[in-house]
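Peer 1: I'm passing along run.txt; it holds compact mmCIF, N, CA and C atoms.
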```txt
# COMPACT_ATOMS: atom_id res chain seq x y z
N MET A 1 87.07 113.96 135.38
CA MET A 1 86.94 115.30 135.90
C MET A 1 87.10 115.26 137.41
N LYS A 2 87.95 116.17 137.92
CA LYS A 2 88.17 116.30 139.36
C LYS A 2 88.26 117.78 139.71
N PHE A 3 87.90 118.08 140.94
CA PHE A 3 88.11 119.41 141.48
C PHE A 3 89.24 119.31 142.50
N LEU A 4 90.20 120.24 142.43
CA LEU A 4 91.32 120.25 143.36
C LEU A 4 91.33 121.56 144.13
N ASP A 5 91.83 121.51 145.39
CA ASP A 5 91.97 122.74 146.16
C ASP A 5 93.32 123.38 145.84
N GLU A 6 93.66 124.47 146.53
CA GLU A 6 94.89 125.21 146.25
C GLU A 6 96.15 124.41 146.53
N GLN A 7 96.06 123.41 147.42
CA GLN A 7 97.21 122.58 147.74
C GLN A 7 97.32 121.36 146.82
N GLY A 8 96.38 121.18 145.91
CA GLY A 8 96.41 120.05 144.99
C GLY A 8 95.66 118.83 145.48
N ASN A 9 95.01 118.93 146.63
CA ASN A 9 94.21 117.82 147.15
C ASN A 9 92.84 117.81 146.49
N GLU A 10 92.27 116.63 146.36
CA GLU A 10 90.94 116.54 145.75
C GLU A 10 89.91 117.20 146.64
N ALA A 11 89.07 118.03 146.03
CA ALA A 11 88.03 118.76 146.76
C ALA A 11 86.67 118.29 146.26
N THR A 12 85.71 118.31 147.15
CA THR A 12 84.35 117.95 146.75
C THR A 12 83.49 119.21 146.80
N LEU A 13 82.73 119.41 145.76
CA LEU A 13 81.81 120.54 145.71
C LEU A 13 80.40 120.03 145.94
N LYS A 14 79.62 120.84 146.60
CA LYS A 14 78.23 120.51 146.91
C LYS A 14 77.38 120.61 145.64
N ARG A 15 76.49 119.65 145.45
CA ARG A 15 75.57 119.70 144.31
C ARG A 15 74.62 120.87 144.49
N SER A 16 74.33 121.56 143.40
CA SER A 16 73.41 122.69 143.43
C SER A 16 71.98 122.19 143.60
N LYS A 17 71.20 122.93 144.37
CA LYS A 17 69.79 122.56 144.59
C LYS A 17 68.90 123.03 143.45
N LYS A 18 69.30 124.10 142.77
CA LYS A 18 68.44 124.70 141.75
C LYS A 18 68.84 124.33 140.32
N LEU A 19 70.13 124.07 140.10
CA LEU A 19 70.63 123.81 138.75
C LEU A 19 71.41 122.50 138.72
N PRO A 20 71.55 121.88 137.55
CA PRO A 20 72.30 120.62 137.45
C PRO A 20 73.81 120.86 137.40
N GLY A 21 74.40 121.18 138.52
CA GLY A 21 75.84 121.44 138.58
C GLY A 21 76.31 121.45 140.01
N TYR A 22 77.43 122.13 140.25
CA TYR A 22 78.05 122.19 141.57
C TYR A 22 78.17 123.63 142.04
N GLU A 23 77.90 123.85 143.33
CA GLU A 23 78.00 125.20 143.90
C GLU A 23 79.46 125.61 144.05
N VAL A 24 79.74 126.87 143.78
CA VAL A 24 81.07 127.43 143.92
C VAL A 24 81.02 128.51 144.99
N THR A 25 81.96 128.46 145.94
CA THR A 25 82.01 129.44 147.03
C THR A 25 83.33 130.21 146.98
N LEU A 26 83.35 131.35 147.64
CA LEU A 26 84.57 132.15 147.74
C LEU A 26 85.51 131.54 148.77
N SER A 27 86.80 131.65 148.53
CA SER A 27 87.77 131.13 149.49
C SER A 27 88.29 132.23 150.42
N GLU A 28 87.95 133.48 150.13
CA GLU A 28 88.42 134.60 150.95
C GLU A 28 87.43 135.76 150.87
N ASP A 29 87.53 136.68 151.84
CA ASP A 29 86.69 137.87 151.82
C ASP A 29 87.14 138.78 150.67
N VAL A 30 86.16 139.44 150.02
CA VAL A 30 86.45 140.30 148.87
C VAL A 30 85.60 141.55 148.95
N VAL A 31 86.16 142.68 148.52
CA VAL A 31 85.41 143.91 148.36
C VAL A 31 85.56 144.34 146.91
N ILE A 32 84.42 144.49 146.23
CA ILE A 32 84.43 144.96 144.84
C ILE A 32 83.99 146.41 144.86
N ASP A 33 84.90 147.29 144.53
CA ASP A 33 84.66 148.72 144.63
C ASP A 33 83.72 149.21 143.54
N SER A 34 82.99 150.28 143.84
CA SER A 34 82.07 150.90 142.90
C SER A 34 82.83 151.92 142.05
N PRO A 35 82.43 152.11 140.80
CA PRO A 35 83.09 153.12 139.96
C PRO A 35 82.98 154.53 140.55
N VAL A 36 81.94 154.81 141.31
CA VAL A 36 81.81 156.17 141.87
C VAL A 36 82.84 156.44 142.96
N ASN A 37 83.53 155.41 143.44
CA ASN A 37 84.60 155.59 144.42
C ASN A 37 85.95 155.84 143.75
N ASN A 38 85.97 155.95 142.43
CA ASN A 38 87.19 156.21 141.68
C ASN A 38 87.70 157.60 142.04
N PRO A 39 89.02 157.77 142.21
CA PRO A 39 89.56 159.09 142.56
C PRO A 39 89.19 160.21 141.59
N PHE A 40 88.87 159.89 140.35
CA PHE A 40 88.48 160.92 139.38
C PHE A 40 87.26 161.69 139.85
N PHE A 41 86.35 161.01 140.54
CA PHE A 41 85.09 161.63 140.95
C PHE A 41 85.15 162.27 142.34
N LYS A 42 86.25 162.14 143.07
CA LYS A 42 86.36 162.70 144.42
C LYS A 42 86.39 164.23 144.38
N GLY A 43 85.51 164.84 145.12
CA GLY A 43 85.49 166.29 145.27
C GLY A 43 85.21 167.06 143.98
N ILE A 44 84.59 166.43 143.04
CA ILE A 44 84.32 167.11 141.77
C ILE A 44 83.09 168.01 141.91
N ASN A 45 83.16 169.17 141.34
CA ASN A 45 81.98 170.03 141.25
C ASN A 45 81.87 170.55 139.83
N ILE A 46 80.77 171.14 139.50
CA ILE A 46 80.48 171.55 138.13
C ILE A 46 81.47 172.59 137.61
N LEU A 47 82.03 173.41 138.50
CA LEU A 47 82.97 174.44 138.06
C LEU A 47 84.33 173.85 137.69
N GLN A 48 84.66 172.69 138.26
CA GLN A 48 85.95 172.06 137.98
C GLN A 48 85.88 171.10 136.79
N LEU A 49 84.71 170.88 136.27
CA LEU A 49 84.54 169.88 135.21
C LEU A 49 85.40 170.17 133.97
N PRO A 50 85.45 171.39 133.44
CA PRO A 50 86.31 171.62 132.26
C PRO A 50 87.78 171.30 132.54
N LYS A 51 88.25 171.63 133.75
CA LYS A 51 89.63 171.34 134.10
C LYS A 51 89.85 169.82 134.21
N LYS A 52 88.90 169.12 134.78
CA LYS A 52 88.99 167.66 134.92
C LYS A 52 88.97 166.97 133.57
N LEU A 53 88.17 167.48 132.63
CA LEU A 53 88.03 166.84 131.33
C LEU A 53 89.23 167.08 130.41
N LYS A 54 90.08 168.04 130.77
CA LYS A 54 91.29 168.27 130.00
C LYS A 54 92.20 167.05 130.20
N GLY A 55 92.57 166.40 129.16
CA GLY A 55 93.37 165.18 129.28
C GLY A 55 92.54 163.99 129.72
N PHE A 56 91.26 164.02 129.42
CA PHE A 56 90.30 162.99 129.83
C PHE A 56 90.78 161.57 129.46
N ARG A 57 91.26 161.41 128.24
CA ARG A 57 91.67 160.08 127.77
C ARG A 57 92.95 159.60 128.42
N ASP A 58 93.77 160.52 128.89
CA ASP A 58 95.05 160.14 129.49
C ASP A 58 94.99 160.03 131.00
N ASN A 59 93.81 160.22 131.59
CA ASN A 59 93.68 160.19 133.04
C ASN A 59 93.89 158.77 133.56
N ALA A 60 94.89 158.59 134.43
CA ALA A 60 95.23 157.26 134.96
C ALA A 60 94.09 156.66 135.78
N ASP A 61 93.36 157.50 136.51
CA ASP A 61 92.24 157.00 137.32
C ASP A 61 91.14 156.42 136.44
N LEU A 62 90.85 157.09 135.32
CA LEU A 62 89.80 156.60 134.43
C LEU A 62 90.22 155.34 133.68
N GLN A 63 91.52 155.15 133.48
CA GLN A 63 92.00 153.93 132.84
C GLN A 63 91.66 152.69 133.68
N ASN A 64 91.54 152.88 134.98
CA ASN A 64 91.26 151.77 135.91
C ASN A 64 89.79 151.69 136.31
N LEU A 65 88.95 152.48 135.69
CA LEU A 65 87.56 152.59 136.11
C LEU A 65 86.80 151.26 136.03
N PHE A 66 86.95 150.51 134.97
CA PHE A 66 86.19 149.27 134.80
C PHE A 66 87.09 148.03 134.71
N ILE A 67 88.14 148.00 135.50
CA ILE A 67 88.97 146.80 135.57
C ILE A 67 88.21 145.76 136.40
N PRO A 68 88.04 144.54 135.88
CA PRO A 68 87.29 143.53 136.63
C PRO A 68 88.03 143.05 137.88
N GLN A 69 87.24 142.71 138.89
CA GLN A 69 87.77 142.17 140.14
C GLN A 69 87.70 140.64 140.06
N THR A 70 88.82 139.97 140.28
CA THR A 70 88.87 138.51 140.25
C THR A 70 88.47 137.95 141.60
N LEU A 71 87.54 137.00 141.60
CA LEU A 71 87.12 136.33 142.83
C LEU A 71 87.77 134.97 142.89
N ASN A 72 88.48 134.69 143.97
CA ASN A 72 89.19 133.43 144.12
C ASN A 72 88.31 132.39 144.81
N THR A 73 88.15 131.25 144.16
CA THR A 73 87.37 130.16 144.74
C THR A 73 88.26 129.08 145.32
N GLY A 74 89.53 129.09 144.92
CA GLY A 74 90.45 128.07 145.42
C GLY A 74 90.23 126.70 144.79
N ILE A 75 89.47 126.62 143.71
CA ILE A 75 89.17 125.35 143.06
C ILE A 75 89.86 125.30 141.70
N LYS A 76 90.68 124.27 141.51
CA LYS A 76 91.35 124.05 140.24
C LYS A 76 90.67 122.88 139.53
N LEU A 77 90.56 122.98 138.23
CA LEU A 77 89.88 121.96 137.44
C LEU A 77 90.89 120.97 136.86
N GLU A 78 90.59 119.71 137.00
CA GLU A 78 91.35 118.66 136.33
C GLU A 78 90.36 117.95 135.42
N LEU A 79 90.37 118.33 134.15
CA LEU A 79 89.37 117.86 133.20
C LEU A 79 89.99 116.93 132.16
N ASP A 80 89.13 116.14 131.53
CA ASP A 80 89.56 115.35 130.38
C ASP A 80 89.68 116.30 129.18
N ASP A 81 90.31 115.83 128.11
CA ASP A 81 90.52 116.67 126.93
C ASP A 81 89.22 117.12 126.27
N ASP A 82 88.15 116.37 126.47
CA ASP A 82 86.88 116.69 125.81
C ASP A 82 85.87 117.35 126.75
N GLU A 83 86.35 117.92 127.86
CA GLU A 83 85.45 118.56 128.83
C GLU A 83 85.75 120.06 128.95
N ILE A 84 84.72 120.80 129.31
CA ILE A 84 84.83 122.24 129.54
C ILE A 84 83.85 122.59 130.66
N VAL A 85 84.13 123.64 131.40
CA VAL A 85 83.29 124.05 132.52
C VAL A 85 82.72 125.44 132.26
N PHE A 86 81.42 125.58 132.48
CA PHE A 86 80.73 126.86 132.39
C PHE A 86 80.37 127.32 133.79
N PHE A 87 80.61 128.60 134.07
CA PHE A 87 80.26 129.18 135.37
C PHE A 87 79.02 130.05 135.18
N GLU A 88 78.02 129.81 136.01
CA GLU A 88 76.80 130.61 135.97
C GLU A 88 76.62 131.25 137.35
N PRO A 89 76.71 132.58 137.45
CA PRO A 89 76.56 133.24 138.76
C PRO A 89 75.12 133.16 139.25
N ASN A 90 74.95 133.24 140.57
CA ASN A 90 73.60 133.28 141.15
C ASN A 90 72.89 134.54 140.68
N ASN A 91 71.64 134.40 140.25
CA ASN A 91 70.87 135.55 139.77
C ASN A 91 70.72 136.61 140.85
N SER A 92 70.42 136.19 142.08
CA SER A 92 70.25 137.17 143.15
C SER A 92 71.57 137.90 143.42
N PHE A 93 72.66 137.20 143.28
CA PHE A 93 73.99 137.78 143.47
C PHE A 93 74.23 138.88 142.42
N ILE A 94 73.85 138.62 141.19
CA ILE A 94 74.05 139.56 140.10
C ILE A 94 73.08 140.75 140.19
N ILE A 95 71.81 140.47 140.42
CA ILE A 95 70.79 141.52 140.39
C ILE A 95 70.88 142.43 141.61
N LYS A 96 70.92 141.85 142.81
CA LYS A 96 70.93 142.66 144.03
C LYS A 96 72.22 143.44 144.22
N LYS A 97 73.34 142.84 143.86
CA LYS A 97 74.63 143.48 144.09
C LYS A 97 75.13 144.26 142.87
N LYS A 98 74.39 144.20 141.76
CA LYS A 98 74.71 144.93 140.54
C LYS A 98 76.12 144.63 140.03
N LEU A 99 76.38 143.33 139.84
CA LEU A 99 77.67 142.89 139.33
C LEU A 99 77.51 142.32 137.93
N LEU A 100 78.51 142.53 137.10
CA LEU A 100 78.51 142.03 135.73
C LEU A 100 79.64 141.01 135.59
N LEU A 101 79.30 139.79 135.16
CA LEU A 101 80.28 138.72 134.97
C LEU A 101 81.02 138.93 133.66
N ILE A 102 82.35 138.80 133.68
CA ILE A 102 83.17 139.01 132.50
C ILE A 102 83.56 137.69 131.83
N ASN A 103 83.94 136.69 132.61
CA ASN A 103 84.36 135.41 132.04
C ASN A 103 83.46 134.29 132.53
N ARG A 104 83.11 133.39 131.65
CA ARG A 104 82.13 132.35 131.96
C ARG A 104 82.67 130.94 131.73
N VAL A 105 83.71 130.77 130.91
CA VAL A 105 84.18 129.45 130.50
C VAL A 105 85.57 129.19 131.09
N PHE A 106 85.74 127.97 131.62
CA PHE A 106 87.03 127.55 132.18
C PHE A 106 87.41 126.20 131.60
N GLY A 107 88.71 125.99 131.37
CA GLY A 107 89.17 124.77 130.72
C GLY A 107 90.11 123.96 131.58
N ILE A 108 90.85 123.09 130.92
CA ILE A 108 91.75 122.13 131.56
C ILE A 108 92.80 122.86 132.40
N ASN A 109 92.98 122.41 133.63
CA ASN A 109 93.98 122.92 134.58
C ASN A 109 93.83 124.40 134.92
N GLU A 110 92.66 124.96 134.74
CA GLU A 110 92.41 126.35 135.12
C GLU A 110 91.83 126.40 136.52
N VAL A 111 92.07 127.50 137.20
CA VAL A 111 91.46 127.76 138.50
C VAL A 111 90.17 128.52 138.23
N ILE A 112 89.10 128.14 138.92
CA ILE A 112 87.83 128.85 138.75
C ILE A 112 87.95 130.20 139.44
N GLN A 113 88.14 131.24 138.64
CA GLN A 113 88.28 132.60 139.13
C GLN A 113 87.41 133.53 138.29
N PRO A 114 86.11 133.59 138.61
CA PRO A 114 85.25 134.50 137.85
C PRO A 114 85.64 135.95 138.10
N LYS A 115 85.46 136.78 137.07
CA LYS A 115 85.79 138.21 137.15
C LYS A 115 84.51 139.00 137.02
N PHE A 116 84.36 139.99 137.91
CA PHE A 116 83.15 140.80 137.93
C PHE A 116 83.50 142.28 137.90
N ILE A 117 82.59 143.07 137.33
CA ILE A 117 82.66 144.52 137.40
C ILE A 117 81.43 144.99 138.18
N ASN A 118 81.66 145.87 139.14
CA ASN A 118 80.58 146.44 139.93
C ASN A 118 80.06 147.68 139.19
N TYR A 119 78.83 147.64 138.74
CA TYR A 119 78.25 148.81 138.08
C TYR A 119 77.23 149.51 138.98
N GLY A 120 77.24 149.17 140.26
CA GLY A 120 76.36 149.81 141.23
C GLY A 120 77.01 151.04 141.83
N LEU A 121 76.29 151.66 142.75
CA LEU A 121 76.78 152.89 143.38
C LEU A 121 77.45 152.64 144.73
N LYS A 122 77.45 151.39 145.20
CA LYS A 122 78.03 151.06 146.50
C LYS A 122 79.04 149.93 146.36
N LYS A 123 79.99 149.90 147.30
CA LYS A 123 80.93 148.79 147.37
C LYS A 123 80.18 147.51 147.67
N VAL A 124 80.66 146.40 147.13
CA VAL A 124 80.07 145.10 147.41
C VAL A 124 81.06 144.32 148.26
N LYS A 125 80.62 143.94 149.46
CA LYS A 125 81.46 143.16 150.37
C LYS A 125 80.95 141.73 150.37
N LEU A 126 81.85 140.79 150.07
CA LEU A 126 81.51 139.38 150.04
C LEU A 126 82.39 138.64 151.03
N GLU A 127 81.78 137.78 151.81
CA GLU A 127 82.52 137.02 152.81
C GLU A 127 82.94 135.67 152.25
N ALA A 128 83.99 135.11 152.83
CA ALA A 128 84.44 133.77 152.45
C ALA A 128 83.29 132.78 152.65
N ASN A 129 83.26 131.75 151.84
CA ASN A 129 82.25 130.68 151.84
C ASN A 129 80.89 131.13 151.34
N THR A 130 80.79 132.32 150.74
CA THR A 130 79.55 132.76 150.10
C THR A 130 79.40 132.02 148.77
N VAL A 131 78.24 131.45 148.52
CA VAL A 131 77.99 130.78 147.24
C VAL A 131 77.80 131.85 146.18
N ILE A 132 78.68 131.85 145.18
CA ILE A 132 78.62 132.88 144.15
C ILE A 132 78.05 132.38 142.83
N GLY A 133 77.96 131.07 142.68
CA GLY A 133 77.42 130.55 141.42
C GLY A 133 77.50 129.04 141.34
N THR A 134 77.24 128.54 140.14
CA THR A 134 77.21 127.11 139.86
C THR A 134 78.09 126.83 138.65
N VAL A 135 78.81 125.71 138.69
CA VAL A 135 79.59 125.29 137.53
C VAL A 135 78.92 124.09 136.89
N PHE A 136 78.94 124.06 135.56
CA PHE A 136 78.38 122.97 134.77
C PHE A 136 79.53 122.35 133.98
N ILE A 137 79.59 121.04 133.96
CA ILE A 137 80.61 120.35 133.18
C ILE A 137 79.99 119.89 131.87
N GLN A 138 80.58 120.31 130.77
CA GLN A 138 80.10 119.94 129.44
C GLN A 138 81.11 119.01 128.79
N LYS A 139 80.63 117.87 128.34
CA LYS A 139 81.48 116.90 127.67
C LYS A 139 81.18 116.95 126.17
N ASN A 140 82.23 117.06 125.37
CA ASN A 140 82.07 117.10 123.92
C ASN A 140 81.71 115.70 123.42
N VAL A 141 80.64 115.58 122.66
CA VAL A 141 80.17 114.27 122.21
C VAL A 141 80.31 114.09 120.70
N ILE A 142 81.18 114.82 120.07
CA ILE A 142 81.35 114.71 118.61
C ILE A 142 82.15 113.49 118.28
```
Write the structure described by the file as structure tokens, please.

Peer 2:
Amino acid sequence: MKFLDEQGNEATLKRSKKLPGYEVTLSEDVVIDSPVNNPFFKGINILQLPKKLKGFRDNADLQNLFIPQTLNTGIKLELDDDEIVFFEPNNSFIIKKKLLLINRVFGINEVIQPKFINYGLKKVKLEANTVIGTVFIQKNVI
């Protein structure tokens, strides 16, 4: 098992202090938008609601309401055939920022790119090098 950066060079991840794994950080600044910032909700008032709900299912803005935001860590996995990686987000990161993790498992030659949906009322701004979670390496022993 090896961790590689975006250029293919071997990268070292810091051991987690709280869990038996490695800390994962962001490689770039990210903003995860809130659903209330969706254009469907802009300038809406109660009198316009029937007009807005006409064609509700075909509304392009609502189709994009809960699309997950991919967070880039810049870490690629080089695993053996019998290994798999689990990503566990920081609890404070999830609870305080009101984010929901969509994907948790990563395999051979995958880039660690967790996807989140913001279910809060405010945009979430994350800076590069923010620790977003821990990865655990599981080896199949069958």

Peer 1: Ranking A:Asp61, A:Pro89, A:Pro20, A:Ile117 by minimum distance to Lys42 (chain A) and counting only C-alpha atoms, which one comes first?

Peer 2: A:Asp61

Peer 1: Determine, counting all atoms listed in the file, which protein, DNA and RNA residues have an atom within 7 Å of an atom of Asn109 (chain A); residues of the same chain fewer than 2 positions away are not included. Present the result as an MDAnalysis selection string.

Peer 2: chainID A and resid 76:79 107 111

Peer 1: Please extract the residues of chain A with a backbone DSSP assignment of alpha helix (DSSP H) and present them as number ranges by chain.

Peer 2: A: 49-53, 60-63, 91-97

Peer 1: Between A:Ile112, A:Ile94, A:Ile44, A:Val36, which is the closest to Leu65 (chain A) once you count all atoms listed in the file?

Peer 2: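 Looking only at the distances to Leu65 (chain A), the closest residue turns out to be A:Val36.
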
Peer 1: Measuring atom to atom with only C-alpha atoms, identify which of A:Ile75, A:Leu26, A:Leu47, A:Ile67 is nearest to Asn9 (chain A).

Peer 2: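 Ranked by minimum distance to Asn9 (chain A), first place goes to A:Ile75.
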
Peer 1: Using all atoms listed in the file, which residues sit within 6 Å of Ser34 (chain A) once same-chain residues fewer than 2 positions away are excluded, as a PDB file with N, CA and C atoms, in the coordinates of the input?

Peer 2:
```pdb
ATOM      1  N   ILE A  32      84.420 144.490 146.230  1.00  0.00           N
ATOM      2  CA  ILE A  32      84.430 144.960 144.840  1.00  0.00           C
ATOM      3  C   ILE A  32      83.990 146.410 144.860  1.00  0.00           C
ATOM      4  N   VAL A  36      81.940 154.810 141.310  1.00  0.00           N
ATOM      5  CA  VAL A  36      81.810 156.170 141.870  1.00  0.00           C
ATOM      6  C   VAL A  36      82.840 156.440 142.960  1.00  0.00           C
ATOM      7  N   ASN A  37      83.530 155.410 143.440  1.00  0.00           N
ATOM      8  CA  ASN A  37      84.600 155.590 144.420  1.00  0.00           C
ATOM      9  C   ASN A  37      85.950 155.840 143.750  1.00  0.00           C
ATOM     10  N   ASN A  38      85.970 155.950 142.430  1.00  0.00           N
ATOM     11  CA  ASN A  38      87.190 156.210 141.680  1.00  0.00           C
ATOM     12  C   ASN A  38      87.700 157.600 142.040  1.00  0.00           C
ATOM     13  N   ASN A 118      81.660 145.870 139.140  1.00  0.00           N
ATOM     14  CA  ASN A 118      80.580 146.440 139.930  1.00  0.00           C
ATOM     15  C   ASN A 118      80.060 147.680 139.190  1.00  0.00           C
ATOM     16  N   GLY A 120      77.240 149.170 140.260  1.00  0.00           N
ATOM     17  CA  GLY A 120      76.360 149.810 141.230  1.00  0.00           C
ATOM     18  C   GLY A 120      77.010 151.040 141.830  1.00  0.00           C
ATOM     19  N   LEU A 121      76.290 151.660 142.750  1.00  0.00           N
ATOM     20  CA  LEU A 121      76.780 152.890 143.380  1.00  0.00           C
ATOM     21  C   LEU A 121      77.450 152.640 144.730  1.00  0.00           C
ATOM     22  N   LYS A 122      77.450 151.390 145.200  1.00  0.00           N
ATOM     23  CA  LYS A 122      78.030 151.060 146.500  1.00  0.00           C
ATOM     24  C   LYS A 122      79.040 149.930 146.360  1.00  0.00           C
ATOM     25  N   LYS A 123      79.990 149.900 147.300  1.00  0.00           N
ATOM     26  CA  LYS A 123      80.930 148.790 147.370  1.00  0.00           C
ATOM     27  C   LYS A 123      80.180 147.510 147.670  1.00  0.00           C
ATOM     28  N   VAL A 124      80.660 146.400 147.130  1.00  0.00           N
ATOM     29  CA  VAL A 124      80.070 145.100 147.410  1.00  0.00           C
ATOM     30  C   VAL A 124      81.060 144.320 148.260  1.00  0.00           C
TER      31      VAL A 124
END
```

Peer 1: So which residues touch Gly133 (chain A) within 10 Å, counting only C-alpha atoms, skipping near sequence neighbours fewer than 6 positions away, as a tab-separated table (two decimals) with N, CA and C atoms, in the frame of the given file?

Peer 2:
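File selection.tsv, as written:
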```tsv
chain	number	residue	atom	x	y	z
A	16	SER	N	74.33	121.56	143.40
A	16	SER	CA	73.41	122.69	143.43
A	16	SER	C	71.98	122.19	143.60
A	19	LEU	N	70.13	124.07	140.10
A	19	LEU	CA	70.63	123.81	138.75
A	19	LEU	C	71.41	122.50	138.72
A	21	GLY	N	74.40	121.18	138.52
A	21	GLY	CA	75.84	121.44	138.58
A	21	GLY	C	76.31	121.45	140.01
A	22	TYR	N	77.43	122.13	140.25
A	22	TYR	CA	78.05	122.19	141.57
A	22	TYR	C	78.17	123.63	142.04
A	23	GLU	N	77.90	123.85	143.33
A	23	GLU	CA	78.00	125.20	143.90
A	23	GLU	C	79.46	125.61	144.05
A	24	VAL	N	79.74	126.87	143.78
A	24	VAL	CA	81.07	127.43	143.92
A	24	VAL	C	81.02	128.51	144.99
A	25	THR	N	81.96	128.46	145.94
A	25	THR	CA	82.01	129.44	147.03
A	25	THR	C	83.33	130.21	146.98
A	26	LEU	N	83.35	131.35	147.64
A	26	LEU	CA	84.57	132.15	147.74
A	26	LEU	C	85.51	131.54	148.77
A	87	PHE	N	80.61	128.60	134.07
A	87	PHE	CA	80.26	129.18	135.37
A	87	PHE	C	79.02	130.05	135.18
A	88	GLU	N	78.02	129.81	136.01
A	88	GLU	CA	76.80	130.61	135.97
A	88	GLU	C	76.62	131.25	137.35
A	89	PRO	N	76.71	132.58	137.45
A	89	PRO	CA	76.56	133.24	138.76
A	89	PRO	C	75.12	133.16	139.25
A	90	ASN	N	74.95	133.24	140.57
A	90	ASN	CA	73.60	133.28	141.15
A	90	ASN	C	72.89	134.54	140.68
A	91	ASN	N	71.64	134.40	140.25
A	91	ASN	CA	70.87	135.55	139.77
A	91	ASN	C	70.72	136.61	140.85
A	92	SER	N	70.42	136.19	142.08
A	92	SER	CA	70.25	137.17	143.15
A	92	SER	C	71.57	137.90	143.42
A	93	PHE	N	72.66	137.20	143.28
A	93	PHE	CA	73.99	137.78	143.47
A	93	PHE	C	74.23	138.88	142.42
A	94	ILE	N	73.85	138.62	141.19
A	94	ILE	CA	74.05	139.56	140.10
A	94	ILE	C	73.08	140.75	140.19
A	114	PRO	N	86.11	133.59	138.61
A	114	PRO	CA	85.25	134.50	137.85
A	114	PRO	C	85.64	135.95	138.10
```

Peer 1: If I take CA of Thr130 (chain A) and CA of Thr12 (chain A), how far is one from the other in Å, to one decimal?

Peer 2: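 If I compute the distance from CA of Thr130 (chain A) to CA of Thr12 (chain A), I get 15.9 Å.
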
Peer 1: Could you tell me how far atom N of Leu71 (chain A) sits from CA of Phe136 (chain A), in Å to one decimal place?

Peer 2: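 Interatomic distance here is 18.1 Å.
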
Peer 1: I'd like the contact shell of Phe116 (chain A) - 6 Å cut-off, all atoms listed in the file, skipping same-chain residues fewer than 4 positions apart - returned as an mmCIF file with N, CA and C atoms, in the coordinates of the input.

Peer 2:
```
data_model
loop_
_atom_site.group_PDB
_atom_site.id
_atom_site.type_symbol
_atom_site.label_atom_id
_atom_site.label_comp_id
_atom_site.auth_asym_id
_atom_site.auth_seq_id
_atom_site.Cartn_x
_atom_site.Cartn_y
_atom_site.Cartn_z
ATOM 1 N N PRO A 68 88.040 144.540 135.880
ATOM 2 C CA PRO A 68 87.290 143.530 136.630
ATOM 3 C C PRO A 68 88.030 143.050 137.880
ATOM 4 N N GLN A 69 87.240 142.710 138.890
ATOM 5 C CA GLN A 69 87.770 142.170 140.140
ATOM 6 C C GLN A 69 87.700 140.640 140.060
ATOM 7 N N THR A 70 88.820 139.970 140.280
ATOM 8 C CA THR A 70 88.870 138.510 140.250
ATOM 9 C C THR A 70 88.470 137.950 141.600
ATOM 10 N N LEU A 71 87.540 137.000 141.600
ATOM 11 C CA LEU A 71 87.120 136.330 142.830
ATOM 12 C C LEU A 71 87.770 134.970 142.890
ATOM 13 N N LEU A 99 76.380 143.330 139.840
ATOM 14 C CA LEU A 99 77.670 142.890 139.330
ATOM 15 C C LEU A 99 77.510 142.320 137.930
ATOM 16 N N LEU A 100 78.510 142.530 137.100
ATOM 17 C CA LEU A 100 78.510 142.030 135.730
ATOM 18 C C LEU A 100 79.640 141.010 135.590
ATOM 19 N N LEU A 101 79.300 139.790 135.160
ATOM 20 C CA LEU A 101 80.280 138.720 134.970
ATOM 21 C C LEU A 101 81.020 138.930 133.660
ATOM 22 N N ILE A 102 82.350 138.800 133.680
ATOM 23 C CA ILE A 102 83.170 139.010 132.500
ATOM 24 C C ILE A 102 83.560 137.690 131.830
#
```

Peer 1: Which value, in Å to one decimal, gives the distance between atom N of Glu28 (chain A) and atom N of Gln63 (chain A)?

Peer 2: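 So the two atoms, atom N of Glu28 (chain A) and atom N of Gln63 (chain A), lie 27.6 Å apart.
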
Peer 1: Would you please work out which residue, of A:Thr134, A:Asn64, A:Asn59, A:Thr73, is nearest to Glu6 (chain A) when using all atoms listed in the file?

Peer 2: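 Counting all atoms listed in the file, the residue closest to Glu6 (chain A) is A:Thr73.
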
Peer 1: So, counting only C-alpha atoms, which residue among A:Phe56, A:Phe41, A:Tyr119, A:Phe106 is closest to Val85 (chain A)?

Peer 2: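 Checking each candidate against Val85 (chain A), we get A:Phe106 as the closest.
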